[in-house]
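Have a look at the structure below before the remarks.
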Amino acid sequence: MTTPPWHILLVDDCAEDRADMRQMLLRGGNRRYRFSEAQLGADGVRRVLASEHGPIDCVLLDYALPDMDAPQVLAALCQGSGISPCPVVVITGEALDDGLSLLGAGAQDYIGKHWTSPQSLKRVVENAIERYALQARHQRTEAALRLSEERYRALFNSIDAGYAVVEVMFDAQGKANDARYLEVNPAFTQQTGLTDVVGRTIRSLMPDTEPLWIEVYGAVALTGVPLRLERHAQALQRWFDIYAFRLGEPQACQVAVLFNDTTERMRVELALNKAKAGAEAANRAKSDFLLAMSHELRSPLSSMLGYAQLLEISKPPPALAQQDSIGQILRAGWYLLGLINEILDLTAIESGRLVLSSQAMSMDEVLDDCQAMAVPLAQASAIQLAFRSPAPSCRVWADPIRVKQVLINLLTNAIKYNRPGGRVDVCCTASAAGTVRVSVRDTGLGLTASQLEQLFQPFNRLGQEAGSESGTGIGLVICKRLVELMGGRIGVDSEPGVGSCFWFELDPETPLAVNSLDLPARTLLCVEADAESLQRVEALVAGRPDLCLLRAPDIACGLQIARSARPDAILLSVHLPDMQATQALLLLAKDPATALIPVIALGADLLRQDSDARLTANFSGFLAQPVHPDAFTLALELVFQHQGAAGQQAGAGEPI
């Protein structure tokens, strides 16, 4: 590629001198040139600044011109910036005493007009152009640096967050023991309340600083790994959210700290947490009170109902007036007992004490049972009741008792709040979302948009308080909670004047599906009344995708679940309210449905030392509380291995 010629501007009032300069440059080497000329200083300045003939690579400037001398021309070119738009070499006809002043005024060099040679002139021009390029590059770098510094300083001073650069100091063992402030922004004082900190160390400013802060800065300085944390600074009595990162090379030990004072937010959060804890405590106290009160009311109420029933069937029969009074007592008593039972259910759900038994179940059995219970009520109200048989695939994973409770409640409402001679249709289908949906459609008055918004609020009967039908306004709330606890959802579609369709959806029978690789291979029943102990077992099972956990709060419930679900193993707490673990073990052994299920005693340190070794020997394992994960895994593996070996032996002796 051909090097473009240098553009040289000759500023001299003497034509012969201009010609000499041109010839010397051309004879001085092989470089190509093109030339422009000016006779006056003002014309030369104009040509340089206007660049009408293209950029000029170098100016050869005569010292003494008719209108201006060289210093004046240089001043006009530099315009106070200290550098001209292009390199300038001053040509003088006489010896100069102020050559350095020319360099200071912006010239790159100066040379004698009559004692120079082509080679020296060429070198002077080349050197001038090279020095000018270096000088211009240096000025551009300095300008960019100044701009960057100005931007950094503007950002540094304007951000609301506190910002500081510290130099971490280490002791002889390499442990961070202090840090010196090198730079802070204005927000630093606002965030910390500290002033005049630059050059001082953290410990000199705050002697009681917690070691953690300096250790954090030391770790960032050594590793270069940024760190973020929110913590209370005891020395300043403030909370800070900080982000620390290393600056520069590791040997500089400099760390930048960007932080915000979060004291007010933490104060609000702590107050909210305290209020939440108080509200939860009050809610637990309310639940405990309702549970206790409901139990206390149910016992005498049951006695009252029993005696009223005896009076109703007594011999001789009561008089007509007495029969009416007894009937009023029974109706009011049964209503009150139903209300108490619903309050007990709702309180148990909201307090987290309700334990559900999840198992595979067929919806056709549930529908048959609910139809048998709902038919008498429908006949008494002259309501036509129609059940559509579900498909064989309508099997769900849920608690059978609670599913029936939900469906009976929806059926009862559909019959009670229907129009005379109305109709109720019940069906069970597979939904588009892959769940199993049970729908109860009635021909009642329907619900308005405002009523739908209040539908699942406790004790809200949607304006039916003055109606002839009794109710508490709790049933639908219980249904919603139960369905959600079983992993499903519940809803309603309604049109005023046409009727309503209440529905709920449950997950299909995936845990027991055939050929599914994601299903738990084993089922474990935990009979435990203590909530904390149960939570620990749940945490252990959560890490085992091959296990499905069933829960029971006492022996009675545990026996019922064990008979129906047939778990692969049972964790039996030795601290249960209704009977001893060894008694429960005998009951399990006597029942053919549960006799072969291995039982592991939970919290069994004392049980191992039981004097009746014959009973304790029937346990398949012992786990002390709190249960260690390794011990839990080992106990289950031993039980399942033994169970598998026993199954193989039994299978080998059976006829094919």
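In the structure tokens, chains take the letters A, B, ... in the order shown, each chain's residues start at 1, and ligands count up from 1 in the order shown.
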Contacts of range 528-538 of chain A at 12 Å or less, counting only C-alpha atoms, minus same-chain residues fewer than 2 places along, as a PDB file with C-alpha atoms, in the first residue's frame?
```
ATOM      1  CA  SER A 351     -54.645 -24.841  63.667  1.00  0.00           C
ATOM      2  CA  GLY A 352     -52.921 -27.490  61.535  1.00  0.00           C
ATOM      3  CA  ARG A 353     -54.029 -30.341  63.801  1.00  0.00           C
ATOM      4  CA  LEU A 354     -56.156 -32.152  61.248  1.00  0.00           C
ATOM      5  CA  VAL A 355     -54.333 -35.217  59.900  1.00  0.00           C
ATOM      6  CA  LEU A 524     -44.499 -45.462  55.550  1.00  0.00           C
ATOM      7  CA  LEU A 525     -47.094 -44.770  58.259  1.00  0.00           C
ATOM      8  CA  CYS A 526     -45.961 -42.507  61.107  1.00  0.00           C
ATOM      9  CA  LEU A 540     -36.390 -37.020  56.505  1.00  0.00           C
ATOM     10  CA  VAL A 541     -38.992 -38.483  54.149  1.00  0.00           C
ATOM     11  CA  ALA A 542     -38.880 -35.357  51.951  1.00  0.00           C
ATOM     12  CA  GLY A 543     -35.394 -36.393  50.849  1.00  0.00           C
ATOM     13  CA  ARG A 544     -36.612 -39.870  49.891  1.00  0.00           C
ATOM     14  CA  PRO A 545     -38.647 -39.822  46.644  1.00  0.00           C
ATOM     15  CA  LEU A 547     -41.202 -43.102  50.178  1.00  0.00           C
ATOM     16  CA  CYS A 548     -44.812 -41.998  50.637  1.00  0.00           C
ATOM     17  CA  LEU A 549     -45.624 -40.831  54.180  1.00  0.00           C
ATOM     18  CA  LEU A 550     -48.986 -41.422  55.860  1.00  0.00           C
ATOM     19  CA  ARG A 551     -49.698 -39.712  59.182  1.00  0.00           C
ATOM     20  CA  ALA A 552     -51.807 -40.568  62.231  1.00  0.00           C
ATOM     21  CA  PRO A 553     -52.026 -38.603  65.505  1.00  0.00           C
ATOM     22  CA  ASP A 554     -52.938 -41.565  67.739  1.00  0.00           C
ATOM     23  CA  ILE A 555     -53.175 -45.351  67.857  1.00  0.00           C
ATOM     24  CA  ALA A 556     -56.877 -45.492  66.977  1.00  0.00           C
ATOM     25  CA  CYS A 557     -56.379 -43.503  63.798  1.00  0.00           C
ATOM     26  CA  GLY A 558     -53.147 -45.368  63.063  1.00  0.00           C
ATOM     27  CA  ILE A 570     -44.934 -48.259  60.592  1.00  0.00           C
ATOM     28  CA  LEU A 571     -43.104 -45.709  62.745  1.00  0.00           C
ATOM     29  CA  LEU A 572     -44.821 -45.961  66.143  1.00  0.00           C
ATOM     30  CA  SER A 573     -44.175 -43.314  68.786  1.00  0.00           C
ATOM     31  CA  VAL A 574     -43.774 -44.640  72.323  1.00  0.00           C
ATOM     32  CA  HIS A 575     -45.311 -41.410  73.682  1.00  0.00           C
ATOM     33  CA  LEU A 576     -48.936 -41.462  72.563  1.00  0.00           C
ATOM     34  CA  PRO A 577     -51.954 -40.186  74.493  1.00  0.00           C
ATOM     35  CA  ASP A 578     -54.385 -43.070  74.015  1.00  0.00           C
ATOM     36  CA  MET A 579     -52.333 -46.205  74.814  1.00  0.00           C
ATOM     37  CA  ALA A 581     -46.758 -48.601  72.182  1.00  0.00           C
ATOM     38  CA  ALA A 601     -40.430 -47.863  67.738  1.00  0.00           C
ATOM     39  CA  LEU A 602     -39.895 -44.068  67.602  1.00  0.00           C
ATOM     40  CA  GLY A 603     -38.272 -42.367  70.601  1.00  0.00           C
ATOM     41  CA  LEU A 623     -35.119 -45.003  66.657  1.00  0.00           C
ATOM     42  CA  ALA A 624     -34.256 -42.465  69.354  1.00  0.00           C
ATOM     43  CA  GLN A 625     -35.457 -38.846  69.126  1.00  0.00           C
ATOM     44  CA  PRO A 626     -34.229 -36.700  67.516  1.00  0.00           C
ATOM     45  CA  VAL A 627     -33.840 -39.159  64.670  1.00  0.00           C
ATOM     46  CA  HIS A 628     -30.463 -39.108  62.925  1.00  0.00           C
ATOM     47  CA  PRO A 629     -30.806 -39.325  59.113  1.00  0.00           C
ATOM     48  CA  PHE A 632     -33.432 -43.525  59.862  1.00  0.00           C
ATOM     49  CA  THR A 633     -32.133 -44.760  56.504  1.00  0.00           C
TER      50      THR A 633
END
```
Just want the 12 Å neighbourhood of Gly54 in chain A, counted on only C-alpha atoms, with same-chain residues fewer than 4 positions away dropped. Output as an mmCIF file with C-alpha atoms, in the first residue's frame.
```
data_model
loop_
_atom_site.group_PDB
_atom_site.id
_atom_site.type_symbol
_atom_site.label_atom_id
_atom_site.label_comp_id
_atom_site.auth_asym_id
_atom_site.auth_seq_id
_atom_site.Cartn_x
_atom_site.Cartn_y
_atom_site.Cartn_z
ATOM 1 C CA PRO A 5 2.349 12.208 0.767
ATOM 2 C CA TRP A 6 2.802 14.545 3.696
ATOM 3 C CA HIS A 7 1.104 17.904 3.317
ATOM 4 C CA ILE A 8 3.616 20.647 4.166
ATOM 5 C CA LEU A 9 2.540 24.307 4.536
ATOM 6 C CA ARG A 34 2.725 17.992 -1.417
ATOM 7 C CA PHE A 35 3.037 21.680 -0.585
ATOM 8 C CA SER A 36 0.884 24.688 0.194
ATOM 9 C CA ARG A 47 -5.079 27.835 6.024
ATOM 10 C CA VAL A 48 -4.271 25.690 9.068
ATOM 11 C CA LEU A 49 -7.546 26.351 10.864
ATOM 12 C CA ALA A 50 -9.728 26.131 7.754
#
```
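CA of Phe259 in chain A sits 9.8 Å away from CA of Ala187 in chain A.
Atom pair CA of Ile600 in chain A / CA of Leu638 in chain A: separated by 10.8 Å.
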Can you check which residues of range 159-268 of chain A DSSP gives as strand (DSSP E) on the backbone and send them as an MDAnalysis selection string? chainID A and resid 162:170 176:184 227:233 238:247 254:261
Range 506-582 of chain A: which residues are alpha helix (DSSP H) by DSSP, as a list in words? Ala531, Glu532, Ser533, Leu534, Gln535, Arg536, Val537, Glu538, Ala539, Leu540, Val541, Ala542, Ile555, Ala556, Cys557, Gly558, Leu559, Gln560, Ile561, Ala562, Arg563, Ser564, Ala565, Ala581 and Thr582 of chain A
Excluding range 65-79 of chain A and any residue of its chain fewer than 2 positions from it, enumerate the residues within 12 Å of it, using only C-alpha atoms, and give them as a PyMOL selection string. chain A and resi 11-14+38-50+59-63+81-93+96+98-110
When you draw a straight line from CA of Ala635 in chain A to CA of Trp397 in chain A, how long is it in Å?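 Interatomic distance, CA of Ala635 in chain A to CA of Trp397 in chain A: 27.5 Å.
Minimum atom-to-atom distances from A:Thr223, A:Ser204, A:Gln254, A:Gln237 to Val168 in chain A were compared using only C-alpha atoms, and the lowest value belongs to A:Gln254.
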Which residues come within 7 Å of Ala176 in chain A, counting only C-alpha atoms, excluding same-chain residues fewer than 4 positions away, as a list in words?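 Non-adjacent residues within range: Val168, Met169, Phe170, Asp171, Ile214, Glu215 and Gly218 of chain A.
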